[in-house]
>>> print(open('start20.txt').read())   # compact mmCIF, C-alpha atoms and all ligand atoms
# COMPACT_ATOMS: atom_id res chain seq x y z
CA MET A 1364 107.74 39.84 76.89
CA ILE A 1365 106.15 43.27 77.38
CA PRO A 1366 105.03 43.23 81.02
CA LEU A 1367 102.10 45.21 82.43
CA VAL A 1368 104.63 47.26 84.38
CA ASP A 1369 108.39 47.21 83.77
CA LEU A 1370 110.08 47.88 87.10
CA LYS A 1371 113.48 46.84 85.79
CA ALA A 1372 113.43 49.45 83.03
CA GLN A 1373 112.70 52.15 85.57
CA TYR A 1374 115.48 50.99 87.88
CA ARG A 1375 117.98 50.93 85.03
CA SER A 1376 117.18 54.54 84.21
CA ILE A 1377 118.10 55.79 87.72
CA LYS A 1378 120.33 52.99 89.01
CA THR A 1379 123.32 55.10 90.10
CA GLU A 1380 121.22 57.49 92.16
CA ILE A 1381 119.19 54.72 93.77
CA ASP A 1382 122.22 52.60 94.63
CA GLU A 1383 123.90 55.59 96.24
CA ALA A 1384 120.83 56.51 98.26
CA VAL A 1385 120.41 52.95 99.53
CA GLN A 1386 124.09 52.74 100.51
CA ILE A 1387 123.83 55.95 102.51
CA VAL A 1388 120.90 54.61 104.56
CA ILE A 1389 122.81 51.41 105.29
CA ASP A 1390 125.99 53.30 106.23
CA GLU A 1391 123.98 55.52 108.55
CA ALA A 1392 121.79 52.67 109.83
CA ALA A 1393 118.96 55.19 109.41
CA PHE A 1394 116.36 52.46 109.14
CA TYR A 1395 113.55 54.04 111.11
CA LYS A 1396 112.53 57.59 111.90
CA GLY A 1397 115.74 58.90 110.38
CA ARG A 1398 116.37 61.94 108.26
CA HIS A 1399 115.33 60.18 105.05
CA VAL A 1400 111.80 59.62 106.31
CA ARG A 1401 111.56 63.22 107.51
CA GLU A 1402 112.89 64.49 104.20
CA PHE A 1403 110.36 62.43 102.28
CA GLU A 1404 107.45 63.62 104.43
CA ARG A 1405 108.52 67.23 104.01
CA LYS A 1406 109.03 66.94 100.24
CA PHE A 1407 105.84 65.01 99.59
CA ALA A 1408 103.74 67.41 101.68
CA SER A 1409 105.24 70.46 100.00
CA MET A 1410 104.19 69.16 96.61
CA PHE A 1411 100.58 69.50 97.75
CA GLY A 1412 101.18 72.91 99.31
CA SER A 1413 102.21 73.01 103.00
CA ARG A 1414 100.23 69.99 104.09
CA HIS A 1415 101.27 67.45 106.68
CA CYS A 1416 102.52 64.09 105.53
CA VAL A 1417 102.91 61.02 107.72
CA GLY A 1418 104.73 58.02 106.27
CA VAL A 1419 103.19 54.64 107.07
CA ALA A 1420 103.81 51.02 106.10
CA ASN A 1421 101.32 50.77 103.21
CA CYS A 1422 98.10 52.28 101.90
CA THR A 1423 95.84 49.71 103.52
CA ASP A 1424 97.14 50.91 106.90
CA ALA A 1425 96.89 54.52 105.74
CA LEU A 1426 93.19 54.10 104.95
CA TYR A 1427 92.53 52.30 108.22
CA ILE A 1428 94.38 54.89 110.29
CA ALA A 1429 92.67 57.75 108.45
CA LEU A 1430 89.18 56.39 109.07
CA LYS A 1431 90.00 55.49 112.66
CA CYS A 1432 91.30 58.99 113.37
CA LEU A 1433 88.10 60.43 111.90
CA ASP A 1434 86.25 58.36 114.52
CA CYS A 1435 84.78 55.70 112.26
CA SER A 1436 83.81 52.72 114.37
CA SER A 1437 81.14 50.11 114.89
CA GLY A 1438 77.66 51.40 114.13
CA ASP A 1439 78.97 53.71 111.40
CA GLU A 1440 78.67 53.23 107.67
CA VAL A 1441 81.27 54.23 105.09
CA ILE A 1442 80.50 54.46 101.38
CA THR A 1443 83.02 53.45 98.71
CA ALA A 1444 83.09 52.25 95.11
CA ALA A 1445 82.02 48.72 94.16
CA ASN A 1446 84.96 48.55 91.77
CA THR A 1447 88.17 49.00 93.72
CA PHE A 1448 90.94 46.92 95.23
CA ILE A 1449 89.78 45.08 98.35
CA ALA A 1450 92.14 47.11 100.57
CA THR A 1451 89.74 50.06 100.48
CA ALA A 1452 86.89 47.99 101.87
CA GLU A 1453 89.08 46.04 104.30
CA ALA A 1454 90.26 49.28 105.89
CA ILE A 1455 86.66 50.38 106.43
CA THR A 1456 85.65 47.06 108.00
CA ALA A 1457 88.77 47.01 110.19
CA THR A 1458 87.55 50.14 112.00
CA GLY A 1459 84.34 48.30 112.92
CA ALA A 1460 82.28 50.34 110.46
CA LYS A 1461 80.12 48.76 107.78
CA VAL A 1462 81.25 49.07 104.17
CA VAL A 1463 78.50 50.31 101.84
CA PHE A 1464 79.28 49.77 98.16
CA CYS A 1465 78.18 52.23 95.51
CA ASP A 1466 77.94 51.30 91.84
CA VAL A 1467 80.35 52.91 89.38
CA ASP A 1468 80.15 55.05 86.28
CA PRO A 1469 80.58 53.15 82.99
CA GLU A 1470 82.73 55.89 81.42
CA THR A 1471 85.11 56.77 84.23
CA PHE A 1472 84.98 53.44 86.16
CA ASN A 1473 84.78 55.63 89.29
CA ILE A 1474 82.08 55.86 91.95
CA ASP A 1475 78.75 56.95 90.42
CA ILE A 1476 78.07 60.29 92.08
CA ALA A 1477 74.37 60.14 91.21
CA LYS A 1478 73.95 56.93 93.21
CA ILE A 1479 75.68 58.08 96.42
CA ARG A 1480 72.75 60.02 97.91
CA ASN A 1481 70.46 56.96 97.92
CA LEU A 1482 72.97 55.14 100.10
CA ILE A 1483 73.26 57.77 102.80
CA THR A 1484 71.60 56.94 106.12
CA LEU A 1485 71.73 58.40 109.63
CA HIS A 1486 74.73 56.13 110.24
CA THR A 1487 76.82 57.27 107.29
CA LYS A 1488 80.05 58.74 108.58
CA ALA A 1489 82.38 59.01 105.61
CA ILE A 1490 82.91 58.53 101.89
CA VAL A 1491 86.06 56.99 100.44
CA PRO A 1492 86.33 58.03 96.79
CA VAL A 1493 88.85 55.90 94.92
CA HIS A 1494 90.66 57.55 92.02
CA LEU A 1495 90.74 54.25 90.16
CA CYS A 1496 93.22 53.60 87.34
CA GLY A 1497 94.64 57.07 88.01
CA ARG A 1498 91.49 58.97 87.12
CA ALA A 1499 90.34 61.67 89.54
CA VAL A 1500 86.84 61.34 90.96
CA ASP A 1501 84.65 64.45 90.60
CA MET A 1502 85.74 65.91 93.93
CA THR A 1503 83.53 68.97 93.54
CA ALA A 1504 80.45 66.75 93.61
CA ILE A 1505 81.86 64.64 96.46
CA GLY A 1506 82.54 67.82 98.42
CA GLU A 1507 78.97 69.04 97.92
CA ILE A 1508 77.49 65.77 99.17
CA ALA A 1509 79.93 65.65 102.09
CA SER A 1510 79.08 69.13 103.29
CA GLU A 1511 75.34 68.63 102.83
CA PHE A 1512 75.36 65.45 104.95
CA LYS A 1513 78.32 66.33 107.19
CA LEU A 1514 80.43 63.40 106.00
CA LYS A 1515 84.19 63.01 106.17
CA VAL A 1516 86.09 62.35 102.96
CA VAL A 1517 89.12 60.07 102.83
CA GLU A 1518 90.64 59.87 99.36
CA ASP A 1519 92.12 56.56 98.19
CA CYS A 1520 94.93 57.84 95.96
CA ALA A 1521 96.80 54.53 95.71
CA GLN A 1522 96.56 54.62 91.92
CA ALA A 1523 96.50 58.36 91.34
CA HIS A 1524 99.71 60.15 92.38
CA TRP A 1525 99.74 63.59 90.74
CA ALA A 1526 96.25 63.35 89.26
CA GLU A 1527 94.50 66.70 89.60
CA TRP A 1528 90.95 67.80 90.07
CA ARG A 1529 90.38 71.43 89.01
CA GLY A 1530 93.96 72.45 89.64
CA LYS A 1531 94.41 70.61 92.96
CA LYS A 1532 96.28 67.35 93.31
CA VAL A 1533 94.04 64.56 94.53
CA GLY A 1534 94.70 63.65 98.14
CA SER A 1535 94.66 67.30 99.14
CA ILE A 1536 90.92 67.80 98.62
CA GLY A 1537 89.22 65.60 101.25
CA GLU A 1538 90.08 65.58 104.98
CA ILE A 1539 92.78 63.00 104.38
CA GLY A 1540 94.51 61.57 101.32
CA CYS A 1541 96.02 58.06 101.41
CA PHE A 1542 98.82 56.94 99.11
CA SER A 1543 100.44 53.61 98.30
CA PHE A 1544 104.06 53.23 97.21
CA TYR A 1545 103.75 49.53 96.45
CA PRO A 1546 106.43 48.90 93.78
CA SER A 1547 104.11 48.90 90.77
CA LYS A 1548 102.21 52.08 91.67
CA ASN A 1549 102.96 55.33 89.80
CA LEU A 1550 105.41 56.18 92.58
CA GLY A 1551 106.77 52.88 93.87
CA ALA A 1552 109.21 51.90 96.60
CA PHE A 1553 111.24 48.68 96.68
CA GLY A 1554 108.77 47.03 99.01
CA ASP A 1555 105.73 48.20 100.93
CA ALA A 1556 105.25 51.84 101.83
CA GLY A 1557 102.48 54.41 102.05
CA CYS A 1558 101.56 57.76 103.50
CA ILE A 1559 98.80 60.03 104.65
CA ILE A 1560 98.47 63.71 103.87
CA THR A 1561 96.22 66.21 105.58
CA ASP A 1562 95.99 69.94 106.18
CA ASP A 1563 94.71 69.52 109.71
CA GLU A 1564 97.55 69.71 112.20
CA GLN A 1565 95.64 68.06 115.05
CA LEU A 1566 94.56 65.23 112.78
CA ALA A 1567 98.13 64.80 111.50
CA GLU A 1568 99.32 64.42 115.09
CA THR A 1569 96.67 61.80 115.90
CA VAL A 1570 97.52 59.96 112.69
CA ARG A 1571 101.23 59.97 113.57
CA MET A 1572 100.54 58.61 117.04
CA THR A 1573 98.08 55.98 115.81
CA ALA A 1574 100.71 54.69 113.37
CA ASP A 1575 103.20 54.52 116.25
CA HIS A 1576 101.45 52.67 119.10
CA GLY A 1577 99.68 55.76 120.40
CA ARG A 1578 103.04 57.01 121.58
CA THR A 1579 103.80 60.51 122.81
CA LYS A 1580 107.37 59.86 123.82
CA LYS A 1581 109.55 56.81 124.09
CA TYR A 1582 107.80 55.00 126.93
CA GLU A 1583 104.49 56.82 127.05
CA HIS A 1584 101.36 55.72 125.22
CA ILE A 1585 98.14 57.65 125.61
CA PHE A 1586 96.06 55.18 123.59
CA GLU A 1587 96.51 51.94 121.65
CA GLY A 1588 97.60 52.36 118.06
CA ILE A 1589 99.27 50.07 115.56
CA SER A 1590 102.78 49.60 114.24
CA SER A 1591 102.89 51.10 110.77
CA ARG A 1592 106.19 52.63 109.73
CA LEU A 1593 107.67 54.01 106.54
CA ASP A 1594 111.25 52.76 106.74
CA GLY A 1595 114.41 54.67 105.86
CA LEU A 1596 115.38 52.57 102.86
CA GLN A 1597 112.00 53.02 101.22
CA ALA A 1598 111.98 56.73 102.04
CA ALA A 1599 115.45 57.23 100.51
CA ILE A 1600 114.35 55.42 97.34
CA LEU A 1601 111.16 57.48 97.18
CA ASN A 1602 113.19 60.68 97.63
CA VAL A 1603 115.11 59.88 94.47
CA LYS A 1604 112.04 58.83 92.51
CA LEU A 1605 110.01 61.85 93.59
CA ASN A 1606 112.24 64.00 91.38
CA TYR A 1607 111.08 62.06 88.34
CA LEU A 1608 107.38 61.79 89.02
CA ASP A 1609 106.40 64.84 86.94
CA GLU A 1610 108.29 63.48 83.96
CA TRP A 1611 106.94 59.94 84.42
CA THR A 1612 103.38 61.20 84.71
CA VAL A 1613 103.65 63.16 81.46
CA LYS A 1614 105.02 60.04 79.74
CA ARG A 1615 102.12 57.92 80.98
CA GLN A 1616 99.70 60.51 79.62
CA ALA A 1617 101.52 60.61 76.30
CA ASN A 1618 101.38 56.82 76.14
CA ALA A 1619 97.63 56.90 76.72
CA ARG A 1620 97.32 59.31 73.79
CA LEU A 1621 99.33 56.89 71.65
CA TYR A 1622 97.05 54.00 72.58
CA GLU A 1623 94.08 56.23 71.78
CA LYS A 1624 95.54 56.91 68.32
CA HIS A 1625 96.56 53.36 67.50
CA LEU A 1626 93.33 51.79 68.76
CA GLU A 1627 91.01 54.30 67.15
CA GLY A 1628 88.11 52.71 65.34
CA VAL A 1629 89.20 49.16 66.12
CA GLU A 1630 86.07 47.05 66.08
CA GLY A 1631 85.58 44.99 69.21
CA VAL A 1632 87.71 47.24 71.41
CA LYS A 1633 86.08 49.97 73.45
CA GLN A 1634 88.59 52.47 74.75
CA PRO A 1635 88.32 54.11 78.13
CA GLU A 1636 87.06 57.66 78.09
CA ILE A 1637 90.18 59.79 77.80
CA PRO A 1638 89.77 63.32 79.17
CA ASP A 1639 90.30 66.07 76.60
CA GLU A 1640 93.28 68.45 76.60
CA ARG A 1641 91.68 70.81 79.12
CA GLU A 1642 90.93 68.06 81.63
CA PHE A 1643 93.94 65.95 80.84
CA LYS A 1644 95.56 66.32 84.24
CA THR A 1645 92.61 64.53 85.84
CA HIS A 1646 94.03 61.22 84.62
CA VAL A 1647 97.50 59.81 85.33
CA PHE A 1648 96.89 56.40 83.75
CA HIS A 1649 98.05 54.03 86.43
CA VAL A 1650 96.20 51.51 84.31
CA PHE A 1651 95.04 51.68 80.69
CA GLN A 1652 91.89 49.59 80.38
CA VAL A 1653 89.92 48.69 77.30
CA MET A 1654 86.69 46.74 77.13
CA VAL A 1655 86.22 43.66 74.99
CA ASP A 1656 83.57 41.02 74.34
CA PRO A 1657 83.14 39.14 77.64
CA ARG A 1658 82.81 35.79 75.90
CA ARG A 1659 86.12 36.29 74.14
CA ARG A 1660 88.20 38.02 76.80
CA ALA A 1661 90.03 34.93 78.04
CA LYS A 1662 90.92 33.94 74.46
CA ILE A 1663 92.07 37.47 73.62
CA ARG A 1664 94.31 37.58 76.70
CA GLU A 1665 95.74 34.18 75.81
CA LYS A 1666 96.44 35.34 72.27
CA MET A 1667 98.14 38.50 73.56
CA SER A 1668 100.22 36.43 75.93
CA SER A 1669 101.42 34.18 73.13
CA ASP A 1670 102.45 37.37 71.29
CA GLY A 1671 104.54 38.27 74.33
CA ILE A 1672 102.19 40.80 75.90
CA GLU A 1673 101.06 40.66 79.49
CA THR A 1674 97.54 41.92 80.20
CA GLY A 1675 95.56 42.31 83.41
CA MET A 1676 92.09 43.04 84.75
CA HIS A 1677 91.27 45.75 87.28
CA TYR A 1678 89.16 44.07 88.61
CA PRO A 1679 87.53 40.87 87.30
CA ILE A 1680 85.26 40.39 90.35
CA ALA A 1681 83.64 43.56 91.70
CA LEU A 1682 83.86 43.62 95.49
CA PRO A 1683 80.16 43.07 96.27
CA ASN A 1684 80.40 39.92 94.14
CA GLN A 1685 83.36 38.55 96.12
CA LEU A 1686 82.86 35.75 98.63
CA ALA A 1687 84.41 38.00 101.26
CA TYR A 1688 81.29 40.21 101.05
CA LYS A 1689 78.70 37.47 100.73
CA TYR A 1690 77.53 38.45 104.22
CA LEU A 1691 76.21 41.73 102.81
CA GLY A 1692 73.68 39.72 100.82
CA HIS A 1693 74.09 41.52 97.50
CA SER A 1694 73.44 40.13 94.06
CA PRO A 1695 75.29 41.28 90.91
CA ALA A 1696 72.07 43.00 89.78
CA ASP A 1697 72.46 45.46 92.69
CA PHE A 1698 75.59 46.79 90.95
CA PRO A 1699 74.70 46.56 87.27
CA VAL A 1700 77.57 48.71 85.99
CA ALA A 1701 80.34 47.20 88.13
CA SER A 1702 79.07 43.70 87.31
CA TRP A 1703 78.94 44.56 83.60
CA LEU A 1704 82.43 46.05 83.62
CA GLN A 1705 84.07 43.19 85.51
CA ASP A 1706 83.48 40.81 82.60
CA ARG A 1707 84.73 43.19 79.89
CA ILE A 1708 87.71 45.12 81.17
CA MET A 1709 91.25 44.28 80.17
CA SER A 1710 94.37 46.25 81.11
CA LEU A 1711 97.18 46.81 78.61
CA PRO A 1712 100.84 47.40 79.54
CA MET A 1713 101.27 50.93 80.89
CA TYR A 1714 104.41 52.52 82.25
CA PRO A 1715 106.50 55.61 81.43
CA GLU A 1716 109.30 53.71 79.69
CA LEU A 1717 106.94 52.07 77.17
CA THR A 1718 107.96 53.11 73.63
CA GLU A 1719 105.72 54.10 70.73
CA GLU A 1720 106.98 51.07 68.86
CA GLN A 1721 105.82 48.81 71.69
CA ILE A 1722 102.45 50.56 71.86
CA ARG A 1723 102.00 50.10 68.12
CA TYR A 1724 102.90 46.41 68.47
CA ILE A 1725 100.49 45.91 71.39
CA SER A 1726 97.72 47.69 69.48
CA ASP A 1727 98.33 45.60 66.35
CA CYS A 1728 98.29 42.37 68.36
CA LEU A 1729 95.06 43.43 70.06
CA LYS A 1730 93.48 44.19 66.67
CA LYS A 1731 94.38 40.70 65.48
CA ALA A 1732 93.29 39.06 68.72
CA VAL A 1733 89.78 40.53 68.68
CA LYS A 1734 89.15 39.57 65.02
C1 LIG B 1801 97.19 49.21 95.94
C2 LIG B 1801 95.93 49.74 96.44
C3 LIG B 1801 95.64 49.85 97.81
C4 LIG B 1801 96.50 49.24 98.87
O1 LIG B 1801 97.79 49.68 98.88
P1 LIG B 1801 98.92 48.88 99.70
O2 LIG B 1801 100.01 49.88 99.80
O3 LIG B 1801 99.26 47.70 98.88
O4 LIG B 1801 98.33 48.53 101.02
C5 LIG B 1801 94.47 50.47 98.19
N1 LIG B 1801 93.60 50.95 97.28
C6 LIG B 1801 93.82 50.85 95.96
C7 LIG B 1801 92.82 51.41 95.00
C8 LIG B 1801 94.98 50.22 95.49
O5 LIG B 1801 95.18 50.12 94.17
>>> encode(input="start20.txt", output="structure tokens")
Amino acid sequence: MIPLVDLKAQYRSIKTEIDEAVQIVIDEAAFYKGRHVREFERKFASMFGSRHCVGVANCTDALYIALKCLDCSSGDEVITAANTFIATAEAITATGAKVVFCDVDPETFNIDIAKIRNLITLHTKAIVPVHLCGRAVDMTAIGEIASEFKLKVVEDCAQAHWAEWRGKKVGSIGEIGCFSFYPSKNLGAFGDAGCIITDDEQLAETVRMTADHGRTKKYEHIFEGISSRLDGLQAAILNVKLNYLDEWTVKRQANARLYEKHLEGVEGVKQPEIPDEREFKTHVFHVFQVMVDPRRRAKIREKMSSDGIETGMHYPIALPNQLAYKYLGHSPADFPVASWLQDRIMSLPMYPELTEEQIRYISDCLKKAVK
């Protein structure tokens, strides 16, 4: 079976280093707030250029804490993409703010910049661009809108570690960048983990306290926060993996190029728009999605599965069309692109260890399946 993501292959490639790192944490009982967490925060921040990094329990918490620390609360509105994982929207709602969905662009699958302005009201407080599938949102355009309307920008980088927009890594462009280290993400821990990066020292301090019960010192709390910790074991694992992320990212990009080559001209398969050489760093291919005939997608996926290939869909029900958001009173026609995409998208296996032979096999099976 070729899985969507092969976590075992990655572990095998760095097993000795990982096992050693884990053993050290256990020997030291450095489970929380130890040197491994500090080392990770320092290393991760330095890769974005002297920014602050605060480790937290997962990216859903990171987004919630970020918005909360930027004063989002009831009465406010926060704009995000209609096509994202529900965590983005949950984090907005958890602050008390109202989530306002924006339709997406059919080529990039990301928030449609041209449609954002129409959604801005006197209550709009922030925008959460989601770099979906690993593709950077046009942060220049987001920045222009944000400064014109005095909005905060929290980047959801859960799928986009190391993606760049005009020479800057995503996450370091808005006020705050939020990352997930869920095992299958481009940089994955062995459980849940996440972090926040920001350039603003004051904000970093508030974020750190919010993630730690509003604590200043051991028994003193100046406000109520939550309990959201990056633990030592996860940090130690991430410290090892961080050394490989450049290499893994390049391999993902090379694999996308191989898919592009092997799927070229295949009738019935629309490829995602793949940025050209100059803009190539804008996409780190967390997911490689193609589009197929909506009436045949289930059959195609079944066929692929019987050929030993796992496929996925990111995501088959756009958020405004989910029952969870029925209360917003939308209809699929309000989000024509997201609603169109949800029925057509199909994700193919994508991970650094994927070989050209496997990519050729997957492409051949897809060709046969769409016939
Ligand atoms: C995975 C993901 C999240 C949530 O991350 P967790 O660490 O699982 O909480 C948020 N946004 C997007 C786009 C994601 O893919």
>>> closest_residue(input="start20.txt", among="A:Pro1546, A:Gly1438, A:Pro1695, A:Pro1712", to="ligand LIG 1801 (chain B)", atoms="only C-alpha atoms and all ligand atoms")
A:Pro1546
>>> residues_near_point(input="start20.txt", point="(88.9, 64.4, 107.1)", cutoff="7 Å", atoms="only C-alpha atoms", output="CSV table (one decimal) with C-alpha atoms, keeping the file's coordinate frame")
chain,number,residue,atom,x,y,z
A,1433,LEU,CA,88.1,60.4,111.9
A,1515,LYS,CA,84.2,63.0,106.2
A,1516,VAL,CA,86.1,62.4,103.0
A,1517,VAL,CA,89.1,60.1,102.8
A,1537,GLY,CA,89.2,65.6,101.2
A,1538,GLU,CA,90.1,65.6,105.0
A,1539,ILE,CA,92.8,63.0,104.4
>>> atom_distance(input="start20.txt", atom1="CA of Cys1422 in chain A", atom2="CA of Ala1556 in chain A")
7.2 Å
>>> residues_near_ligand(input="start20.txt", ligand="ligand LIG 1801 (chain B)", cutoff="7 Å", atoms="all atoms listed in the file", output="ChimeraX atom specification")
/A:1421-1424,1447-1448,1450-1451,1493,1495,1519-1522,1543-1545,1555-1557
>>> closest_residue(input="start20.txt", among="A:Asp1670, A:Pro1657, A:Lys1406, A:Gly1554", to="Asn1602 in chain A", atoms="all atoms listed in the file")
A:Lys1406
>>> closest_residue(input="start20.txt", among="A:Gly1530, A:Gly1540, A:Gly1459, A:Pro1469", to="Pro1492 in chain A", atoms="only C-alpha atoms")
A:Gly1540
>>> residues_around(input="start20.txt", residues="Met1667 in chain A", least_positions_apart="4", cutoff="8 Å", atoms="all atoms listed in the file", output="PyMOL selection string")
chain A and resi 1663+1671-1674+1728-1729+1732
>>> atom_distance(input="start20.txt", atom1="CA of His1576 in chain A", atom2="CA of Ser1591 in chain A")
8.6 Å
